[in-house]
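Data block for structure_30.cif (mmCIF, N, CA and C atoms):
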data_input
#
loop_
_atom_site.label_atom_id
_atom_site.label_comp_id
_atom_site.auth_asym_id
_atom_site.auth_seq_id
_atom_site.Cartn_x
_atom_site.Cartn_y
_atom_site.Cartn_z
N MET A 1 0.84 -1.19 0.00
CA MET A 1 0.00 0.00 0.00
C MET A 1 0.88 1.25 0.00
N THR A 2 0.56 2.18 -0.84
CA THR A 2 1.32 3.41 -0.97
C THR A 2 1.04 4.35 0.19
N LYS A 3 2.10 4.89 0.77
CA LYS A 3 1.94 5.88 1.83
C LYS A 3 1.79 7.26 1.19
N TRP A 4 0.92 8.06 1.75
CA TRP A 4 0.73 9.43 1.31
C TRP A 4 1.11 10.37 2.43
N PHE A 5 1.60 11.54 2.07
CA PHE A 5 2.03 12.52 3.05
C PHE A 5 1.43 13.88 2.72
N VAL A 6 1.02 14.58 3.76
CA VAL A 6 0.67 15.99 3.67
C VAL A 6 1.94 16.72 4.08
N TYR A 7 2.29 17.77 3.36
CA TYR A 7 3.50 18.51 3.72
C TYR A 7 3.25 20.01 3.60
N MET A 8 4.04 20.76 4.33
CA MET A 8 4.02 22.21 4.24
C MET A 8 5.44 22.70 4.01
N VAL A 9 5.55 23.69 3.14
CA VAL A 9 6.85 24.31 2.91
C VAL A 9 6.75 25.80 3.19
N SER A 10 7.83 26.33 3.68
CA SER A 10 7.97 27.77 3.87
C SER A 10 8.63 28.33 2.62
N CYS A 11 8.01 29.34 2.05
CA CYS A 11 8.50 29.92 0.80
C CYS A 11 9.37 31.14 1.08
N SER A 12 10.11 31.58 0.08
CA SER A 12 11.03 32.71 0.24
C SER A 12 10.30 34.01 0.58
N ASP A 13 9.00 34.09 0.28
CA ASP A 13 8.23 35.29 0.62
C ASP A 13 7.49 35.14 1.95
N ASN A 14 7.85 34.11 2.73
CA ASN A 14 7.27 33.79 4.03
C ASN A 14 5.86 33.22 3.96
N SER A 15 5.36 32.92 2.78
CA SER A 15 4.08 32.23 2.68
C SER A 15 4.31 30.75 2.98
N ILE A 16 3.22 30.04 3.21
CA ILE A 16 3.29 28.60 3.49
C ILE A 16 2.43 27.88 2.47
N TYR A 17 3.04 26.92 1.78
CA TYR A 17 2.36 26.12 0.77
C TYR A 17 2.11 24.74 1.34
N THR A 18 0.92 24.20 1.11
CA THR A 18 0.54 22.87 1.58
C THR A 18 0.24 21.98 0.38
N GLY A 19 0.75 20.75 0.41
CA GLY A 19 0.50 19.82 -0.68
C GLY A 19 0.49 18.38 -0.18
N ILE A 20 0.28 17.44 -1.12
CA ILE A 20 0.34 16.02 -0.80
C ILE A 20 1.26 15.33 -1.81
N THR A 21 1.83 14.23 -1.37
CA THR A 21 2.74 13.47 -2.23
C THR A 21 2.96 12.08 -1.65
N THR A 22 3.52 11.21 -2.47
CA THR A 22 3.94 9.89 -1.98
C THR A 22 5.43 9.86 -1.67
N ASN A 23 6.14 10.93 -2.06
CA ASN A 23 7.59 10.97 -1.85
C ASN A 23 7.98 12.43 -1.57
N VAL A 24 8.18 12.75 -0.31
CA VAL A 24 8.42 14.13 0.10
C VAL A 24 9.74 14.66 -0.46
N SER A 25 10.80 13.89 -0.40
CA SER A 25 12.09 14.39 -0.88
C SER A 25 12.06 14.65 -2.39
N ARG A 26 11.42 13.76 -3.15
CA ARG A 26 11.28 13.97 -4.59
C ARG A 26 10.48 15.25 -4.87
N ARG A 27 9.41 15.44 -4.12
CA ARG A 27 8.55 16.61 -4.34
C ARG A 27 9.29 17.90 -4.00
N MET A 28 10.08 17.89 -2.95
CA MET A 28 10.87 19.08 -2.60
C MET A 28 11.84 19.41 -3.73
N ASN A 29 12.49 18.39 -4.26
CA ASN A 29 13.41 18.58 -5.38
C ASN A 29 12.66 19.15 -6.59
N GLN A 30 11.49 18.64 -6.86
CA GLN A 30 10.69 19.15 -7.98
C GLN A 30 10.34 20.62 -7.77
N HIS A 31 9.87 20.95 -6.57
CA HIS A 31 9.52 22.35 -6.30
C HIS A 31 10.71 23.27 -6.51
N ASN A 32 11.84 22.93 -5.92
CA ASN A 32 13.00 23.81 -5.97
C ASN A 32 13.69 23.85 -7.34
N ASN A 33 13.29 22.95 -8.24
CA ASN A 33 13.83 22.95 -9.59
C ASN A 33 12.77 23.31 -10.63
N LYS A 34 11.73 23.99 -10.18
CA LYS A 34 10.63 24.48 -11.04
C LYS A 34 9.98 23.36 -11.85
N LYS A 35 9.85 22.20 -11.23
CA LYS A 35 9.14 21.10 -11.87
C LYS A 35 7.92 20.71 -11.04
N GLY A 36 7.61 21.51 -10.02
CA GLY A 36 6.46 21.27 -9.17
C GLY A 36 5.38 22.29 -9.45
N ALA A 37 4.67 22.67 -8.42
CA ALA A 37 3.55 23.60 -8.54
C ALA A 37 3.99 24.95 -9.09
N LYS A 38 3.33 25.39 -10.15
CA LYS A 38 3.67 26.68 -10.76
C LYS A 38 3.45 27.84 -9.81
N ALA A 39 2.55 27.67 -8.86
CA ALA A 39 2.27 28.73 -7.87
C ALA A 39 3.52 29.08 -7.06
N LEU A 40 4.49 28.18 -7.02
CA LEU A 40 5.70 28.41 -6.21
C LEU A 40 6.86 29.01 -7.00
N TYR A 41 6.76 29.11 -8.30
CA TYR A 41 7.90 29.54 -9.12
C TYR A 41 8.51 30.85 -8.65
N GLY A 42 7.72 31.82 -8.27
CA GLY A 42 8.25 33.10 -7.81
C GLY A 42 8.57 33.13 -6.34
N LYS A 43 8.45 31.99 -5.67
CA LYS A 43 8.61 31.94 -4.21
C LYS A 43 9.73 31.01 -3.79
N LEU A 44 10.59 30.67 -4.73
CA LEU A 44 11.67 29.72 -4.46
C LEU A 44 12.88 30.41 -3.87
N PRO A 45 13.70 29.70 -3.09
CA PRO A 45 13.56 28.29 -2.75
C PRO A 45 12.52 28.08 -1.64
N VAL A 46 12.04 26.83 -1.54
CA VAL A 46 11.14 26.47 -0.46
C VAL A 46 11.88 25.56 0.50
N ARG A 47 11.40 25.56 1.74
CA ARG A 47 12.03 24.75 2.80
C ARG A 47 10.94 23.93 3.48
N LEU A 48 11.15 22.64 3.60
CA LEU A 48 10.18 21.75 4.24
C LEU A 48 10.07 22.08 5.72
N VAL A 49 8.83 22.30 6.20
CA VAL A 49 8.64 22.64 7.61
C VAL A 49 7.71 21.67 8.34
N PHE A 50 7.00 20.80 7.59
CA PHE A 50 6.07 19.88 8.24
C PHE A 50 5.72 18.74 7.30
N THR A 51 5.64 17.52 7.85
CA THR A 51 5.11 16.37 7.12
C THR A 51 4.22 15.57 8.06
N GLU A 52 3.22 14.92 7.47
CA GLU A 52 2.30 14.09 8.23
C GLU A 52 1.86 12.94 7.34
N GLU A 53 2.06 11.72 7.79
CA GLU A 53 1.67 10.55 7.01
C GLU A 53 0.17 10.33 7.10
N GLN A 54 -0.42 9.93 5.97
CA GLN A 54 -1.84 9.58 5.91
C GLN A 54 -1.98 8.18 5.32
N ILE A 55 -3.12 7.54 5.57
CA ILE A 55 -3.26 6.14 5.15
C ILE A 55 -3.57 5.97 3.67
N ASP A 56 -4.12 7.01 3.03
CA ASP A 56 -4.40 6.91 1.61
C ASP A 56 -4.54 8.31 1.01
N LYS A 57 -4.68 8.36 -0.30
CA LYS A 57 -4.75 9.64 -1.01
C LYS A 57 -5.97 10.45 -0.60
N THR A 58 -7.09 9.80 -0.38
CA THR A 58 -8.31 10.50 0.01
C THR A 58 -8.13 11.21 1.34
N LYS A 59 -7.59 10.51 2.32
CA LYS A 59 -7.35 11.12 3.64
C LYS A 59 -6.34 12.26 3.53
N ALA A 60 -5.30 12.06 2.72
CA ALA A 60 -4.29 13.10 2.54
C ALA A 60 -4.91 14.34 1.92
N ALA A 61 -5.74 14.16 0.91
CA ALA A 61 -6.38 15.30 0.24
C ALA A 61 -7.33 16.04 1.17
N LYS A 62 -8.05 15.31 2.00
CA LYS A 62 -8.95 15.95 2.97
C LYS A 62 -8.16 16.76 3.98
N ARG A 63 -7.07 16.20 4.46
CA ARG A 63 -6.22 16.91 5.42
C ARG A 63 -5.57 18.13 4.77
N GLU A 64 -5.13 18.00 3.52
CA GLU A 64 -4.56 19.12 2.79
C GLU A 64 -5.58 20.25 2.70
N ASN A 65 -6.80 19.94 2.34
CA ASN A 65 -7.85 20.96 2.23
C ASN A 65 -8.13 21.62 3.57
N GLU A 66 -8.12 20.82 4.64
CA GLU A 66 -8.34 21.37 5.98
C GLU A 66 -7.24 22.39 6.31
N ILE A 67 -5.99 22.00 6.12
CA ILE A 67 -4.87 22.88 6.45
C ILE A 67 -4.88 24.12 5.56
N GLN A 68 -5.20 23.96 4.28
CA GLN A 68 -5.24 25.10 3.38
C GLN A 68 -6.29 26.13 3.79
N SER A 69 -7.31 25.70 4.50
CA SER A 69 -8.35 26.63 4.93
C SER A 69 -7.93 27.48 6.14
N TRP A 70 -6.85 27.10 6.79
CA TRP A 70 -6.38 27.82 7.97
C TRP A 70 -5.75 29.15 7.58
N SER A 71 -5.75 30.08 8.52
CA SER A 71 -5.04 31.34 8.32
C SER A 71 -3.54 31.09 8.38
N HIS A 72 -2.78 32.04 7.87
CA HIS A 72 -1.32 31.94 7.92
C HIS A 72 -0.86 31.81 9.37
N GLU A 73 -1.46 32.61 10.25
CA GLU A 73 -1.07 32.60 11.66
C GLU A 73 -1.32 31.23 12.29
N LYS A 74 -2.45 30.61 11.97
CA LYS A 74 -2.75 29.29 12.53
C LYS A 74 -1.74 28.26 12.02
N LYS A 75 -1.35 28.34 10.76
CA LYS A 75 -0.36 27.42 10.22
C LYS A 75 0.98 27.58 10.93
N VAL A 76 1.39 28.83 11.17
CA VAL A 76 2.67 29.08 11.85
C VAL A 76 2.65 28.47 13.25
N VAL A 77 1.59 28.69 14.00
CA VAL A 77 1.48 28.13 15.34
C VAL A 77 1.50 26.61 15.29
N PHE A 78 0.76 26.03 14.37
CA PHE A 78 0.71 24.59 14.20
C PHE A 78 2.10 24.01 13.93
N ILE A 79 2.82 24.63 13.01
CA ILE A 79 4.17 24.18 12.65
C ILE A 79 5.10 24.27 13.87
N GLU A 80 5.01 25.38 14.60
CA GLU A 80 5.86 25.54 15.80
C GLU A 80 5.56 24.46 16.83
N LYS A 81 4.29 24.15 17.04
CA LYS A 81 3.92 23.13 18.02
C LYS A 81 4.33 21.74 17.56
N ALA A 82 4.25 21.49 16.25
CA ALA A 82 4.61 20.17 15.71
C ALA A 82 6.11 19.94 15.77
N GLY A 83 6.84 21.06 15.78
CA GLY A 83 8.21 21.20 15.78
C GLY A 83 9.28 20.31 15.82
#
How would this structure read if it were set down as structure tokens?
Amino acid sequence: MTKWFVYMVSCSDNSIYTGITTNVSRRMNQHNNKKGAKALYGKLPVRLVFTEEQIDKTKAAKRENEIQSWSHEKKVVFIEKAG
């Protein structure tokens, strides 16, 4: 069974991007080499600040949507507590 991960990256403009993947290190490499989300192209480099394993893609996508709905401040506090 494939493991899925929810991840958050801190961008060069201090924004926080949330995504899902089956391979966090590969995805980080893609982002930082402009082969990932186009929304990040002007915000590179990105730095991984949080990962969370999920049991399947559906759960990962639901968690991603939940986190994306949070304010920037809530994400920062969450990341600090997860630390």
Next on the checklist: Selection in question (the file shown): the PyMOL selection byres (((chain A and resi 5-12 and name CA) around 9) and name CA). Which residues does it include, as a PyMOL selection string?
Outcome noted: chain A and resi 3-4+13-24+28+40+42-57+60-61+63-64+79
Next on the checklist: Quick check for you: according to DSSP on this backbone, which residues of chain A are classed as strand (DSSP E)? Reply as a PyMOL selection string.
Outcome noted: chain A and resi 4-10+16-21+47-54
Box for stretch 39-44 of chain A: with edges along x, y and z, all listed atoms inside and 3 Å added on each side, what are the centre and edge lengths in Å to one decimal, as JSON?
{"center_x": 7.6, "center_y": 30.4, "center_z": -6.5, "size_x": 16.6, "size_y": 11.5, "size_z": 11.3}
Checklist entry - Can you list, as JSON, numbers by chain, every residue of chain A that DSSP puts in helix (DSSP H, G or I)? => result {"A": [24, 25, 26, 27, 28, 29, 30, 31, 32, 38, 39, 40, 41, 42, 43, 57, 58, 59, 60, 61, 62, 63, 64, 65, 66, 67, 68, 72, 73, 74, 75, 76, 77, 78, 79, 80, 81, 82]}
Checklist entry - What is the distance between atom C of A:Arg26 and atom N of A:Lys38, in Å to one decimal? => result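 For atom C of A:Arg26 relative to atom N of A:Lys38, the distance reads 13.5 Å.
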Checklist entry - When you draw a straight line from atom CA of A:Thr58 to atom C of A:Thr2, how long is it in Å? => result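 Result for atom CA of A:Thr58 versus atom C of A:Thr2: 11.2 Å, one decimal.
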Item to check | Distance of atom CA of A:Glu80 from atom N of A:Tyr41, expressed in Å to one decimal place | outcome: 24.4 Å
